[in-house]
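Next comes work.txt, with compact mmCIF, C-alpha atoms.
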# COMPACT_ATOMS: atom_id res chain seq x y z
CA GLN A 193 -55.44 15.00 -51.07
CA SER A 194 -55.98 11.26 -51.44
CA TYR A 195 -55.61 10.67 -47.73
CA GLN A 196 -58.35 13.24 -47.08
CA LYS A 197 -60.68 11.43 -49.47
CA PHE A 198 -59.94 8.11 -47.75
CA LEU A 199 -60.51 9.66 -44.32
CA ILE A 200 -63.94 10.92 -45.40
CA GLN A 201 -64.77 7.53 -46.92
CA ALA A 202 -63.59 5.80 -43.73
CA ALA A 203 -65.76 8.14 -41.63
CA ILE A 204 -68.84 7.31 -43.72
CA ALA A 205 -68.04 3.58 -43.68
CA GLY A 206 -67.53 3.82 -39.92
CA PHE A 207 -70.90 5.51 -39.49
CA VAL A 208 -72.66 2.84 -41.58
CA SER A 209 -70.98 0.00 -39.66
CA TYR A 210 -71.71 1.69 -36.32
CA TRP A 211 -75.36 2.28 -37.20
CA THR A 212 -76.04 -1.25 -38.43
CA TYR A 213 -74.34 -2.93 -35.48
CA PHE A 214 -75.11 -0.70 -32.51
CA LYS A 215 -78.35 1.03 -33.53
CA LEU A 216 -80.02 -1.71 -35.58
CA GLY A 217 -78.48 -4.59 -33.63
CA TRP A 218 -77.42 -6.54 -36.72
CA ASP A 219 -74.63 -9.04 -36.20
CA TYR A 220 -75.34 -11.56 -38.94
CA ILE A 221 -74.98 -11.96 -42.67
CA TRP A 222 -77.29 -13.83 -44.99
CA LEU A 223 -75.83 -16.75 -46.93
CA PRO A 224 -77.73 -18.57 -49.69
CA PHE A 225 -79.19 -21.93 -48.59
CA ILE A 226 -77.98 -21.33 -45.02
CA GLU A 227 -79.94 -18.15 -44.19
CA ASN A 228 -78.62 -15.91 -41.39
CA VAL A 229 -75.18 -16.60 -39.93
CA SER A 230 -74.17 -14.69 -36.81
CA ILE A 231 -70.66 -13.25 -36.97
CA GLY A 232 -70.95 -11.18 -33.79
CA PHE A 233 -68.51 -8.31 -33.32
CA TRP A 234 -66.97 -9.06 -36.75
CA TYR A 235 -70.11 -7.64 -38.40
CA PRO A 236 -69.20 -3.93 -38.11
CA ILE A 237 -65.68 -4.69 -39.32
CA PHE A 238 -67.11 -6.60 -42.28
CA ILE A 239 -69.51 -3.75 -43.10
CA PHE A 240 -66.73 -1.15 -42.81
CA ILE A 241 -64.50 -3.03 -45.26
CA PHE A 242 -67.45 -3.92 -47.49
CA PHE A 243 -68.64 -0.30 -47.79
CA PHE A 244 -65.14 1.08 -48.30
CA LEU A 245 -64.29 -1.47 -51.02
CA VAL A 246 -67.54 -1.10 -52.96
CA LEU A 247 -67.27 2.68 -52.90
CA ASN A 248 -63.76 2.54 -54.34
CA THR A 249 -64.35 -0.21 -56.90
CA VAL A 250 -67.02 1.93 -58.54
CA ALA A 251 -64.68 4.95 -58.51
CA ILE A 252 -61.88 2.91 -60.13
CA THR A 253 -64.24 1.60 -62.80
CA ASP A 254 -65.24 5.15 -63.74
CA GLY A 255 -62.59 5.48 -66.43
CA LEU A 256 -64.40 5.14 -69.74
CA ASP A 257 -67.48 6.81 -71.12
CA GLY A 258 -70.55 4.99 -69.81
CA LEU A 259 -68.67 2.18 -68.04
CA ALA A 260 -69.42 2.90 -64.37
CA GLY A 261 -72.88 4.22 -65.22
CA GLY A 262 -73.75 1.24 -67.43
CA LEU A 263 -72.48 -1.35 -64.94
CA SER A 264 -74.26 0.47 -62.13
CA LEU A 265 -77.48 0.44 -64.16
CA ILE A 266 -77.22 -3.34 -64.53
CA ALA A 267 -76.48 -3.78 -60.80
CA LEU A 268 -79.32 -1.46 -59.80
CA LEU A 269 -81.77 -3.33 -62.05
CA ALA A 270 -80.73 -6.60 -60.39
CA PHE A 271 -81.26 -5.10 -56.94
CA TRP A 272 -84.55 -3.57 -58.05
CA VAL A 273 -85.82 -7.05 -58.92
CA ILE A 274 -84.50 -8.48 -55.63
CA CYS A 275 -86.00 -5.66 -53.56
CA SER A 276 -89.33 -6.04 -55.33
CA LEU A 277 -89.36 -9.80 -54.67
CA LEU A 278 -88.44 -9.26 -51.00
CA GLU A 279 -91.12 -6.52 -50.78
CA TYR A 280 -88.79 -3.67 -49.86
CA ASN A 281 -91.18 -1.29 -51.61
CA SER A 282 -89.63 2.00 -50.51
CA LEU A 283 -86.19 0.83 -51.53
CA SER A 284 -87.59 -0.46 -54.83
CA GLY A 285 -89.00 3.01 -55.50
CA PHE A 286 -85.66 4.62 -54.68
CA ILE A 287 -83.83 2.23 -57.00
CA ALA A 288 -86.36 2.81 -59.81
CA THR A 289 -85.84 6.57 -59.46
CA PHE A 290 -82.07 6.10 -59.44
CA VAL A 291 -82.31 3.91 -62.57
CA GLY A 292 -84.36 6.59 -64.33
CA SER A 293 -81.82 9.29 -63.55
CA LEU A 294 -78.97 6.99 -64.60
CA ILE A 295 -80.60 6.34 -67.97
CA VAL A 296 -80.74 10.09 -68.61
CA PHE A 297 -77.11 10.44 -67.48
CA LEU A 298 -76.01 7.60 -69.77
CA TYR A 299 -77.64 9.28 -72.75
CA PHE A 300 -75.20 12.16 -72.31
CA ASN A 301 -72.27 10.02 -71.13
CA VAL A 302 -71.92 7.48 -73.95
CA TYR A 303 -69.02 7.95 -76.34
CA PRO A 304 -68.24 10.73 -77.06
CA ALA A 305 -69.26 11.88 -73.60
CA ARG A 306 -70.85 15.29 -73.25
CA LEU A 307 -71.27 14.91 -69.49
CA PHE A 308 -68.83 13.35 -67.02
CA MET A 309 -69.48 11.68 -63.70
CA GLY A 310 -66.17 12.30 -61.92
CA ASN A 311 -65.44 11.34 -58.33
CA VAL A 312 -68.58 12.98 -56.99
CA GLY A 313 -70.86 10.88 -59.17
CA SER A 314 -68.90 7.65 -58.85
CA HIS A 315 -68.79 7.95 -55.06
CA ILE A 316 -72.55 8.54 -54.90
CA LEU A 317 -73.09 5.50 -57.13
CA GLY A 318 -70.66 3.47 -55.01
CA ALA A 319 -72.34 4.51 -51.77
CA ALA A 320 -75.78 3.61 -53.11
CA LEU A 321 -74.52 0.30 -54.48
CA ALA A 322 -72.93 -0.50 -51.11
CA LEU A 323 -75.93 0.54 -49.01
CA ILE A 324 -78.61 -1.35 -50.95
CA PRO A 325 -77.31 -4.87 -50.18
CA ILE A 326 -76.62 -3.80 -46.58
CA LEU A 327 -80.17 -2.50 -46.13
CA ILE A 328 -81.75 -5.69 -47.49
CA HIS A 329 -79.20 -7.83 -45.64
CA ARG A 330 -77.94 -9.55 -48.78
CA GLU A 331 -74.34 -8.35 -48.65
CA ILE A 332 -73.01 -11.58 -50.12
CA LEU A 333 -74.75 -10.84 -53.44
CA ILE A 334 -72.01 -8.29 -54.08
CA PHE A 335 -69.76 -11.07 -55.34
CA ILE A 336 -72.27 -11.99 -58.03
CA ILE A 337 -73.84 -8.66 -59.02
CA TYR A 338 -70.61 -6.61 -58.86
CA ILE A 339 -68.29 -9.19 -60.44
CA VAL A 340 -67.19 -6.82 -63.25
CA PHE A 341 -66.49 -4.01 -60.76
CA LEU A 342 -64.44 -6.39 -58.62
CA GLY A 343 -62.52 -7.78 -61.59
CA ASP A 344 -61.72 -4.32 -62.85
CA CYS A 345 -60.57 -3.19 -59.42
CA LEU A 346 -58.43 -6.27 -58.76
CA SER A 347 -56.69 -6.03 -62.14
CA SER A 348 -54.49 -3.11 -60.98
CA PRO A 349 -52.92 -4.77 -57.92
CA PHE A 350 -52.66 -8.03 -59.89
CA GLN A 351 -50.77 -6.19 -62.64
CA SER A 352 -48.42 -4.59 -60.07
CA PHE A 353 -47.76 -7.88 -58.29
CA PHE A 354 -47.11 -9.77 -61.53
CA TYR A 355 -44.79 -7.02 -62.80
CA LYS A 356 -42.75 -7.00 -59.60
CA LEU A 357 -42.49 -10.78 -59.79
CA THR A 358 -41.63 -11.17 -63.50
CA GLN A 359 -40.84 -7.67 -64.88
CA LYS A 360 -43.56 -8.32 -67.49
CA ARG A 361 -47.05 -6.90 -67.84
CA ILE A 362 -50.20 -8.98 -68.17
CA PHE A 363 -52.32 -6.09 -69.41
CA LEU A 364 -51.30 -3.27 -71.75
CA MET A 365 -52.63 -0.89 -69.09
CA ALA A 366 -54.42 -1.33 -65.79
CA PRO A 367 -57.19 -1.33 -64.71
CA ILE A 368 -58.32 -3.85 -67.26
CA HIS A 369 -60.90 -1.59 -68.92
CA HIS A 370 -57.97 0.49 -70.23
CA HIS A 371 -56.34 -2.70 -71.53
CA PHE A 372 -59.43 -3.41 -73.61
CA GLU A 373 -59.54 0.21 -74.72
CA MET A 374 -55.94 0.01 -75.95
CA LYS A 375 -56.78 -3.18 -77.85
CA GLY A 376 -59.53 -1.28 -79.67
CA TRP A 377 -62.56 -2.80 -77.93
What is this file in C-alpha cells?
Amino acid sequence: QSYQKFLIQAAIAGFVSYWTYFKLGWDYIWLPFIENVSIGFWYPIFIFIFFFLVLNTVAITDGLDGLAGGLSLIALLAFWVICSLLEYNSLSGFIATFVGSLIVFLYFNVYPARLFMGNVGSHILGAALALIPILIHREILIFIIYIVFLGDCLSSPFQSFFYKLTQKRIFLMAPIHHHFEMKGW
C-alpha cells in the first residue's frame, strides 16, 4: 500500500518537474543576492525531489491535533506576503482562500480534535506548499519557511541512525513532535 502511494506521488512530482522544465522552459533556481542560477538538466531532478520531499514532510508532521494545519497556516501566510510583494495576484488570491479554509479547519482540529485531516488533507497541503514556491520561482525559501516541517521530518531518520550507532535513543519517540507530546508539551 505504501509503495502505491509513493508511485502516485512520484507520478505527480514527475509531471510537475516535466511541466516546469519542458513546457515552461525553466532551468534555473533563484538564490538570494545572486538572482537566477542556471542548473540546466538538473532542474527537473531538483523539482522532482523537492516536490516529493515537501509533500511527505507535511504528511509526517500531521501527527498531532492542529500541528500540520497550524504550521501550514504560518507558511501560507509567509507565501501570501511574498506573492503579494512580487505581484502574483492570482496566486495571492488562491493563498488567501486557502488560509481562510485552513482557519475554519483549525477551529475544528485543535485539541481535542473533532475533525481530522488524514493523508488526503496532508497531501493536498503538501502539494500546495510545494507548488507555491515553484510557481513563484523561490524554491530556496523552503529551507526558511518550512524549517519546522524539515526538522520534524529529519528527526525520525536521525533517531534511527543514532540508535543503530549507540543503542540509545535521543528522543522518547520520533518524529520529534511525539517526543514533545510525551514530555507533556
### Query
Can you list, as a ChimeraX atom specification, every protein, DNA or RNA residue that comes within 12 Å of region 291-296 of chain A when you count all atoms listed in the file, leaving out same-chain residues fewer than 3 positions away?
/A:258-272,284-288,299-302,307,309,313-314,316-317,320-321
### Message
I'd like to know which of A:Phe353, A:Tyr303, A:Tyr213, A:Phe198 is closest to Tyr235 (chain A), using all atoms listed in the file.
### Response
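Result for the nearest residue to Tyr235 (chain A): A:Tyr213.
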With only C-alpha atoms as the counted atoms, please give the residues lying no more than 7 Å from Ala205 (chain A), apart from itself and same-chain residues fewer than 5 positions off, as an mmCIF file with C-alpha atoms, in the coordinates of the input.
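Produced file out_17.cif, reproduced below:
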data_model
loop_
_atom_site.group_PDB
_atom_site.id
_atom_site.type_symbol
_atom_site.label_atom_id
_atom_site.label_comp_id
_atom_site.auth_asym_id
_atom_site.auth_seq_id
_atom_site.Cartn_x
_atom_site.Cartn_y
_atom_site.Cartn_z
ATOM 1 C CA PHE A 240 -66.730 -1.150 -42.810
ATOM 2 C CA PHE A 243 -68.640 -0.300 -47.790
ATOM 3 C CA PHE A 244 -65.140 1.080 -48.300
#
### Query
With all atoms listed in the file as the atoms that count, which of A:Phe297, A:Phe225, A:Tyr280, A:Phe207 lies nearest to His329 (chain A)?
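Ranking A:Phe297, A:Phe225, A:Tyr280, A:Phe207 by distance to His329 (chain A), first place goes to A:Tyr280.
With distances taken over all atoms listed in the file, A:Ile332 is the one residue among A:Leu277, A:Met365, A:Leu216, A:Ile332 lying closest to Phe242 (chain A).
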